[in-house]
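Novice: Take a look at upload_11.cif, mmCIF, C-alpha atoms and all ligand atoms:
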data_upload
#
loop_
_atom_site.label_atom_id
_atom_site.label_comp_id
_atom_site.auth_asym_id
_atom_site.auth_seq_id
_atom_site.Cartn_x
_atom_site.Cartn_y
_atom_site.Cartn_z
CA MET A 1 0.00 0.00 0.00
CA ARG A 2 1.55 3.29 -1.11
CA THR A 3 0.98 6.39 1.02
CA PRO A 4 0.16 9.23 -1.39
CA ILE A 5 2.63 12.07 -1.77
CA VAL A 6 1.74 15.69 -2.43
CA ALA A 7 4.79 17.77 -3.36
CA GLY A 8 4.77 21.50 -4.04
CA ASN A 9 7.28 22.71 -6.62
CA TRP A 10 7.72 26.42 -5.98
CA LYS A 11 10.06 26.94 -8.96
CA MET A 12 11.65 30.40 -8.76
CA HIS A 13 9.11 31.78 -6.30
CA LYS A 14 9.43 32.87 -2.67
CA THR A 15 12.35 34.38 -0.80
CA VAL A 16 13.73 32.95 2.44
CA GLY A 17 11.37 35.24 4.36
CA ASP A 18 8.37 34.19 2.26
CA THR A 19 9.30 30.54 2.77
CA VAL A 20 9.44 30.78 6.56
CA LYS A 21 6.15 32.67 6.64
CA PHE A 22 4.49 30.03 4.43
CA VAL A 23 5.76 27.09 6.45
CA LYS A 24 4.74 28.63 9.79
CA GLU A 25 1.19 29.12 8.55
CA PHE A 26 0.94 25.91 6.53
CA ARG A 27 2.25 23.59 9.25
CA SER A 28 -0.53 24.56 11.61
CA VAL A 29 -3.18 24.03 8.91
CA VAL A 30 -1.96 20.51 8.03
CA LYS A 31 -0.75 19.46 11.48
CA ASP A 32 -3.38 16.75 11.92
CA VAL A 33 -3.02 15.28 8.44
CA THR A 34 -1.98 11.66 8.33
CA GLY A 35 -1.94 9.26 5.43
CA VAL A 36 -0.30 11.72 3.02
CA GLU A 37 3.38 12.59 2.67
CA ILE A 38 3.62 16.36 2.30
CA VAL A 39 6.66 17.91 0.62
CA ILE A 40 7.61 21.45 -0.37
CA ALA A 41 10.38 22.32 -2.82
CA PRO A 42 11.56 25.91 -2.37
CA PRO A 43 14.46 27.45 -4.30
CA PHE A 44 17.91 26.24 -3.14
CA ILE A 45 18.57 29.35 -1.10
CA ALA A 46 15.50 28.72 1.06
CA VAL A 47 15.91 24.94 1.55
CA HIS A 48 17.64 25.17 4.92
CA ALA A 49 15.22 27.79 6.23
CA ALA A 50 12.32 25.58 5.12
CA VAL A 51 13.83 22.60 6.95
CA GLU A 52 14.20 24.65 10.14
CA ALA A 53 10.69 26.07 9.88
CA ALA A 54 9.23 22.60 9.25
CA ARG A 55 11.13 20.89 12.07
CA ASN A 56 8.93 18.48 14.09
CA SER A 57 6.10 18.78 11.60
CA ASN A 58 4.68 16.42 8.98
CA ILE A 59 6.22 18.46 6.13
CA GLY A 60 9.29 17.24 4.25
CA VAL A 61 11.56 19.44 2.15
CA SER A 62 12.88 18.90 -1.36
CA ALA A 63 15.36 20.69 -3.59
CA GLN A 64 14.35 21.37 -7.20
CA ASP A 65 17.54 20.11 -8.85
CA LEU A 66 21.12 19.07 -8.12
CA TYR A 67 24.44 18.65 -9.87
CA TRP A 68 25.92 15.16 -9.98
CA GLU A 69 29.52 15.96 -8.97
CA ARG A 70 30.36 16.03 -5.26
CA GLN A 71 32.27 19.30 -5.38
CA GLY A 72 34.57 21.28 -7.67
CA ALA A 73 34.71 24.08 -10.20
CA PHE A 74 31.04 24.08 -11.24
CA THR A 75 29.98 27.67 -10.71
CA GLY A 76 26.37 28.02 -9.72
CA GLU A 77 25.77 24.34 -9.08
CA VAL A 78 24.71 22.56 -5.88
CA SER A 79 25.61 18.97 -5.02
CA ALA A 80 23.45 16.21 -3.58
CA ALA A 81 25.57 16.14 -0.41
CA MET A 82 25.02 19.88 0.10
CA ILE A 83 21.28 19.44 -0.25
CA ALA A 84 21.25 16.52 2.19
CA GLU A 85 23.33 18.46 4.69
CA ALA A 86 20.87 21.34 4.49
CA GLY A 87 18.28 18.83 5.73
CA ALA A 88 16.25 18.15 2.60
CA GLU A 89 15.12 14.57 2.03
CA TYR A 90 13.94 14.78 -1.58
CA VAL A 91 15.14 16.28 -4.84
CA ILE A 92 13.21 16.93 -8.05
CA ILE A 93 15.14 15.76 -11.11
CA GLY A 94 14.45 16.26 -14.82
CA HIS A 95 11.58 18.73 -14.52
CA SER A 96 10.37 19.66 -18.01
CA GLU A 97 11.51 23.25 -17.45
CA ARG A 98 15.03 21.95 -16.83
CA ARG A 99 14.81 19.80 -19.92
CA THR A 100 13.39 22.54 -22.16
CA LEU A 101 15.07 25.69 -20.85
CA PHE A 102 18.39 24.26 -19.68
CA GLY A 103 18.98 21.39 -22.09
CA GLU A 104 18.78 18.59 -19.57
CA THR A 105 18.94 15.14 -21.21
CA ASP A 106 18.01 11.67 -19.99
CA ALA A 107 21.74 10.96 -19.56
CA MET A 108 22.05 13.97 -17.24
CA VAL A 109 18.92 12.93 -15.37
CA ASN A 110 20.50 9.52 -14.92
CA LYS A 111 23.67 10.96 -13.35
CA LYS A 112 21.56 13.13 -11.07
CA VAL A 113 19.47 10.15 -9.93
CA ALA A 114 22.65 8.25 -9.03
CA ALA A 115 24.00 11.27 -7.14
CA ALA A 116 20.73 11.68 -5.24
CA PHE A 117 20.78 8.05 -4.08
CA GLY A 118 24.46 8.42 -3.20
CA ALA A 119 23.57 11.19 -0.75
CA GLY A 120 20.51 9.44 0.67
CA LEU A 121 17.99 11.71 -1.07
CA THR A 122 14.72 10.49 -2.57
CA PRO A 123 14.64 11.46 -6.25
CA ILE A 124 11.38 12.74 -7.71
CA VAL A 125 12.04 12.05 -11.38
CA CYS A 126 9.87 13.95 -13.85
CA ILE A 127 8.87 12.49 -17.20
CA GLY A 128 6.24 13.51 -19.73
CA GLU A 129 5.44 14.12 -23.35
CA THR A 130 4.93 17.39 -25.22
CA LEU A 131 1.68 18.17 -27.00
CA ASP A 132 3.27 17.43 -30.38
CA GLN A 133 4.44 14.05 -29.16
CA ARG A 134 0.98 13.22 -27.79
CA GLU A 135 -0.66 14.24 -31.05
CA ARG A 136 1.77 12.04 -32.98
CA ASN A 137 0.86 9.10 -30.69
CA GLU A 138 4.37 9.01 -29.28
CA THR A 139 3.44 9.40 -25.61
CA TYR A 140 4.35 5.89 -24.52
CA ALA A 141 7.54 5.81 -26.60
CA VAL A 142 8.66 9.09 -24.98
CA LEU A 143 7.83 7.86 -21.48
CA ASP A 144 9.65 4.57 -22.11
CA ARG A 145 12.74 6.40 -23.38
CA GLN A 146 12.76 8.79 -20.42
CA ILE A 147 12.33 5.97 -17.90
CA LYS A 148 14.91 3.74 -19.51
CA GLY A 149 17.46 6.53 -19.94
CA GLY A 150 16.82 8.31 -16.66
CA LEU A 151 16.71 5.19 -14.49
CA ASP A 152 19.47 3.19 -16.15
CA GLY A 153 21.48 1.36 -13.46
CA VAL A 154 18.89 1.96 -10.74
CA THR A 155 18.42 -1.18 -8.63
CA ALA A 156 15.07 -2.68 -7.71
CA ASP A 157 15.60 -1.58 -4.09
CA GLN A 158 16.28 1.97 -5.22
CA LEU A 159 13.27 2.01 -7.51
CA ALA A 160 11.05 1.07 -4.58
CA GLN A 161 12.14 4.31 -2.86
CA LEU A 162 11.97 6.52 -5.93
CA VAL A 163 9.12 8.80 -7.00
CA VAL A 164 8.23 9.13 -10.68
CA ALA A 165 6.29 12.29 -11.55
CA TYR A 166 4.29 11.94 -14.75
CA GLU A 167 3.93 15.50 -15.98
CA PRO A 168 2.57 15.93 -19.50
CA VAL A 169 4.39 19.05 -20.65
CA TRP A 170 1.24 20.48 -22.24
CA ALA A 171 -0.44 20.47 -18.82
CA ILE A 172 2.26 22.29 -16.83
CA GLY A 173 1.30 25.82 -15.90
CA THR A 174 -1.31 25.92 -18.67
CA GLY A 175 -4.46 25.40 -16.64
CA ARG A 176 -5.14 22.42 -18.90
CA ASN A 177 -4.79 19.28 -16.82
CA ALA A 178 -4.85 15.74 -18.17
CA THR A 179 -8.24 14.14 -17.65
CA PRO A 180 -8.32 11.50 -14.93
CA ALA A 181 -8.64 8.92 -17.72
CA GLN A 182 -5.55 10.24 -19.57
CA ALA A 183 -3.53 10.40 -16.35
CA GLY A 184 -4.73 6.94 -15.28
CA GLU A 185 -3.79 5.38 -18.62
CA ALA A 186 -0.31 6.91 -18.58
CA HIS A 187 0.28 5.89 -14.96
CA ALA A 188 -0.85 2.33 -15.65
CA HIS A 189 1.55 2.23 -18.61
CA ILE A 190 4.43 3.53 -16.49
CA ARG A 191 3.70 0.97 -13.76
CA LYS A 192 3.60 -1.82 -16.33
CA ARG A 193 6.97 -0.78 -17.74
CA LEU A 194 8.48 -0.51 -14.25
CA GLN A 195 7.19 -3.99 -13.47
CA GLY A 196 8.81 -5.35 -16.61
CA TRP A 197 12.15 -3.66 -16.00
CA PHE A 198 12.48 -3.78 -12.21
CA GLY A 199 10.16 -6.57 -11.09
CA ALA A 200 6.64 -6.45 -9.67
CA ASP A 201 7.59 -5.91 -6.05
CA ALA A 202 9.79 -2.84 -6.64
CA ALA A 203 7.36 -1.39 -9.19
CA ASP A 204 4.45 -1.79 -6.81
CA ARG A 205 6.31 0.13 -4.11
CA CYS A 206 7.48 2.93 -6.41
CA HIS A 207 5.28 6.06 -6.25
CA VAL A 208 4.01 7.45 -9.54
CA ILE A 209 2.52 10.90 -8.97
CA TYR A 210 0.80 13.23 -11.45
CA GLY A 211 1.73 16.83 -12.22
CA GLY A 212 0.17 19.41 -14.51
CA SER A 213 -2.29 22.10 -13.43
CA VAL A 214 -3.37 20.24 -10.29
CA LYS A 215 -5.83 22.34 -8.31
CA PRO A 216 -8.12 21.76 -5.33
CA ASP A 217 -11.03 21.09 -7.68
CA ASN A 218 -9.39 18.37 -9.81
CA ILE A 219 -7.14 16.49 -7.36
CA ALA A 220 -9.76 14.15 -5.90
CA GLU A 221 -10.71 12.70 -9.28
CA LEU A 222 -7.06 12.32 -10.33
CA VAL A 223 -5.99 10.41 -7.24
CA ARG A 224 -9.01 8.14 -7.43
CA HIS A 225 -7.14 6.08 -10.02
CA PRO A 226 -5.24 3.28 -8.21
CA ASP A 227 -1.99 4.03 -10.09
CA VAL A 228 -2.00 7.78 -9.28
CA ASP A 229 -0.12 8.06 -5.99
CA GLY A 230 -0.45 11.79 -5.39
CA ALA A 231 0.65 14.95 -7.15
CA LEU A 232 3.48 17.31 -7.98
CA VAL A 233 1.90 20.74 -7.77
CA GLY A 234 3.31 23.96 -9.18
CA GLY A 235 1.17 27.12 -9.12
CA ALA A 236 -1.37 25.91 -6.59
CA SER A 237 1.37 25.06 -4.06
CA LEU A 238 2.27 28.72 -3.62
CA GLU A 239 -0.80 29.51 -1.55
CA VAL A 240 -1.34 27.98 1.88
CA GLY A 241 -5.09 27.55 1.44
CA ALA A 242 -5.00 25.96 -2.01
CA PHE A 243 -2.07 23.66 -1.23
CA ALA A 244 -3.64 22.53 2.07
CA GLU A 245 -6.89 21.81 0.27
CA ILE A 246 -5.04 19.62 -2.25
CA VAL A 247 -3.44 17.74 0.65
CA PHE A 248 -6.83 17.23 2.35
CA ARG A 249 -8.51 16.03 -0.85
CA THR A 250 -5.67 13.62 -1.63
CA ARG A 251 -6.22 11.89 1.68
CA ALA A 252 -10.00 11.60 1.25
C1 LIG B 1 5.12 21.66 -12.01
O1 LIG B 1 5.80 22.65 -11.97
O2 LIG B 1 5.65 20.57 -11.82
C2 LIG B 1 3.68 21.79 -12.29
C3 LIG B 1 2.99 20.69 -12.43
O3 LIG B 1 3.17 23.05 -12.39
P1 LIG B 1 1.61 23.47 -12.41
O4 LIG B 1 0.93 22.72 -11.29
O5 LIG B 1 1.59 24.94 -12.20
O6 LIG B 1 1.06 23.06 -13.75
#
Would you mind writing the file's structure down as structure tokens?
Specialist:
Amino acid sequence: MRTPIVAGNWKMHKTVGDTVKFVKEFRSVVKDVTGVEIVIAPPFIAVHAAVEAARNSNIGVSAQDLYWERQGAFTGEVSAAMIAEAGAEYVIIGHSERRTLFGETDAMVNKKVAAAFGAGLTPIVCIGETLDQRERNETYAVLDRQIKGGLDGVTADQLAQLVVAYEPVWAIGTGRNATPAQAGEAHAHIRKRLQGWFGADAADRCHVIYGGSVKPDNIAELVRHPDVDGALVGGASLEVGAFAEIVFRTRA
């Protein structure tokens, strides 16, 4: 039985001060929530402050990216060990904005996944097709390629701890979410592939969450599908009320 996960990806929003204010308010709203893993992913600079503000609460903290080397002359980059030392437990890898705007490839995603496991972080690995690819009926081929390339070398034990975020690119930040049927079909396909490549036990323990214009009014229907194990939420995670509502409706 997989406990659903609701993770808020703040992207390049909120300062350290904004982060602390959010967490102080949010933690009291969700303090009695059980049966859902709650995660927030602030910008790097606010990760440590988020960890401190969330201490002794039911909120975990994620980074939004990492670099695979341990240390060195990589100006602007942050390593997995640095993120872990700051107290985060999760890291988002391969978000479509990283792939599209910063040229991230499946090979790079793969190195980042290995680095995350090396530092004891739980990777939240994003995959998803563009609108063009969906319209050309390439959705499953794209997902297969991203899973195979991104998770190459991952062991069955590691897969069981990993989170896959299915995020159709055409649904991110567009207000146009996948229908529960579209999301369910894609998630079932991903689970089937994971079963084939990593074995049924690991695949059944791996979380596959949905992302793409998740809001309080569409989350309940999305998570009703047995293969949808929660959500990666962008815009709606920036407001305490909306994000808390998504958490509540995921549990229901
Ligand atoms: C995201 O950034 O991962 C995302 C799904 O964004 P939004 O919820 O705003 O579509």
Novice: Which residues, written as a list in words, have at least one atom at most 7 Å from A:Pro123, with only C-alpha atoms counted and residues fewer than 2 positions away on the same chain left out?
Specialist: Tyr90, Val91, Ile92, Ile93, Val113, Ala116, Leu121, Val125, Leu162 and Val163 of chain A
Novice: Report as a PDB file with C-alpha atoms, in the frame of the given file all protein, DNA and RNA residues lying within 12 Å of stretch 183-194 of chain A, evaluated on all atoms listed in the file, omitting residues in the same chain fewer than 5 positions from it.
Specialist:
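And here's part-v7.pdb as it stands now:
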ATOM      1  CA  ILE A 127       8.870  12.490 -17.200  1.00  0.00           C
ATOM      2  CA  GLY A 128       6.240  13.510 -19.730  1.00  0.00           C
ATOM      3  CA  GLU A 129       5.440  14.120 -23.350  1.00  0.00           C
ATOM      4  CA  ARG A 134       0.980  13.220 -27.790  1.00  0.00           C
ATOM      5  CA  GLU A 138       4.370   9.010 -29.280  1.00  0.00           C
ATOM      6  CA  THR A 139       3.440   9.400 -25.610  1.00  0.00           C
ATOM      7  CA  TYR A 140       4.350   5.890 -24.520  1.00  0.00           C
ATOM      8  CA  ALA A 141       7.540   5.810 -26.600  1.00  0.00           C
ATOM      9  CA  VAL A 142       8.660   9.090 -24.980  1.00  0.00           C
ATOM     10  CA  LEU A 143       7.830   7.860 -21.480  1.00  0.00           C
ATOM     11  CA  ASP A 144       9.650   4.570 -22.110  1.00  0.00           C
ATOM     12  CA  ARG A 145      12.740   6.400 -23.380  1.00  0.00           C
ATOM     13  CA  GLN A 146      12.760   8.790 -20.420  1.00  0.00           C
ATOM     14  CA  ILE A 147      12.330   5.970 -17.900  1.00  0.00           C
ATOM     15  CA  LYS A 148      14.910   3.740 -19.510  1.00  0.00           C
ATOM     16  CA  LEU A 151      16.710   5.190 -14.490  1.00  0.00           C
ATOM     17  CA  ASP A 152      19.470   3.190 -16.150  1.00  0.00           C
ATOM     18  CA  VAL A 154      18.890   1.960 -10.740  1.00  0.00           C
ATOM     19  CA  THR A 155      18.420  -1.180  -8.630  1.00  0.00           C
ATOM     20  CA  ALA A 156      15.070  -2.680  -7.710  1.00  0.00           C
ATOM     21  CA  LEU A 159      13.270   2.010  -7.510  1.00  0.00           C
ATOM     22  CA  ALA A 160      11.050   1.070  -4.580  1.00  0.00           C
ATOM     23  CA  LEU A 162      11.970   6.520  -5.930  1.00  0.00           C
ATOM     24  CA  VAL A 163       9.120   8.800  -7.000  1.00  0.00           C
ATOM     25  CA  VAL A 164       8.230   9.130 -10.680  1.00  0.00           C
ATOM     26  CA  ALA A 165       6.290  12.290 -11.550  1.00  0.00           C
ATOM     27  CA  TYR A 166       4.290  11.940 -14.750  1.00  0.00           C
ATOM     28  CA  GLU A 167       3.930  15.500 -15.980  1.00  0.00           C
ATOM     29  CA  PRO A 168       2.570  15.930 -19.500  1.00  0.00           C
ATOM     30  CA  ALA A 171      -0.440  20.470 -18.820  1.00  0.00           C
ATOM     31  CA  ASN A 177      -4.790  19.280 -16.820  1.00  0.00           C
ATOM     32  CA  ALA A 178      -4.850  15.740 -18.170  1.00  0.00           C
ATOM     33  CA  GLY A 199      10.160  -6.570 -11.090  1.00  0.00           C
ATOM     34  CA  ALA A 200       6.640  -6.450  -9.670  1.00  0.00           C
ATOM     35  CA  ASP A 201       7.590  -5.910  -6.050  1.00  0.00           C
ATOM     36  CA  ALA A 202       9.790  -2.840  -6.640  1.00  0.00           C
ATOM     37  CA  ALA A 203       7.360  -1.390  -9.190  1.00  0.00           C
ATOM     38  CA  ASP A 204       4.450  -1.790  -6.810  1.00  0.00           C
ATOM     39  CA  ARG A 205       6.310   0.130  -4.110  1.00  0.00           C
ATOM     40  CA  CYS A 206       7.480   2.930  -6.410  1.00  0.00           C
ATOM     41  CA  HIS A 207       5.280   6.060  -6.250  1.00  0.00           C
ATOM     42  CA  VAL A 208       4.010   7.450  -9.540  1.00  0.00           C
ATOM     43  CA  ILE A 209       2.520  10.900  -8.970  1.00  0.00           C
ATOM     44  CA  TYR A 210       0.800  13.230 -11.450  1.00  0.00           C
ATOM     45  CA  GLY A 211       1.730  16.830 -12.220  1.00  0.00           C
ATOM     46  CA  GLY A 212       0.170  19.410 -14.510  1.00  0.00           C
ATOM     47  CA  VAL A 214      -3.370  20.240 -10.290  1.00  0.00           C
ATOM     48  CA  ASN A 218      -9.390  18.370  -9.810  1.00  0.00           C
ATOM     49  CA  ILE A 219      -7.140  16.490  -7.360  1.00  0.00           C
ATOM     50  CA  GLU A 221     -10.710  12.700  -9.280  1.00  0.00           C
ATOM     51  CA  LEU A 222      -7.060  12.320 -10.330  1.00  0.00           C
ATOM     52  CA  VAL A 223      -5.990  10.410  -7.240  1.00  0.00           C
ATOM     53  CA  ARG A 224      -9.010   8.140  -7.430  1.00  0.00           C
ATOM     54  CA  HIS A 225      -7.140   6.080 -10.020  1.00  0.00           C
ATOM     55  CA  PRO A 226      -5.240   3.280  -8.210  1.00  0.00           C
ATOM     56  CA  ASP A 227      -1.990   4.030 -10.090  1.00  0.00           C
ATOM     57  CA  VAL A 228      -2.000   7.780  -9.280  1.00  0.00           C
ATOM     58  CA  ASP A 229      -0.120   8.060  -5.990  1.00  0.00           C
ATOM     59  CA  GLY A 230      -0.450  11.790  -5.390  1.00  0.00           C
ATOM     60  CA  ALA A 231       0.650  14.950  -7.150  1.00  0.00           C
TER      61      ALA A 231
END
Novice: Which one is closest to ligand LIG 1 (chain B): A:Gln158, A:Ser28, A:Thr179, A:Ser96? Count all atoms listed in the file.
Specialist: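 Result for the nearest residue to ligand LIG 1 (chain B): A:Ser96.
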Novice: Using Å and a single decimal, report how far atom CA of A:Gly149 sits from atom CA of A:Thr75.
Specialist: 26.2 Å
Novice: Do you know which residues are within 7 Å of ligand LIG 1 (chain B) using all atoms listed in the file? Can you write them as a ChimeraX atom specification?
Specialist: /A:9,11,95,167,171-175,211-214,232-236
Novice: Just the number, please: distance in Å from atom CA of A:Ala115 to atom CA of A:Arg99, one decimal.
Specialist: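 Computing the Euclidean distance for atom CA of A:Ala115 and atom CA of A:Arg99 yields 17.9 Å.
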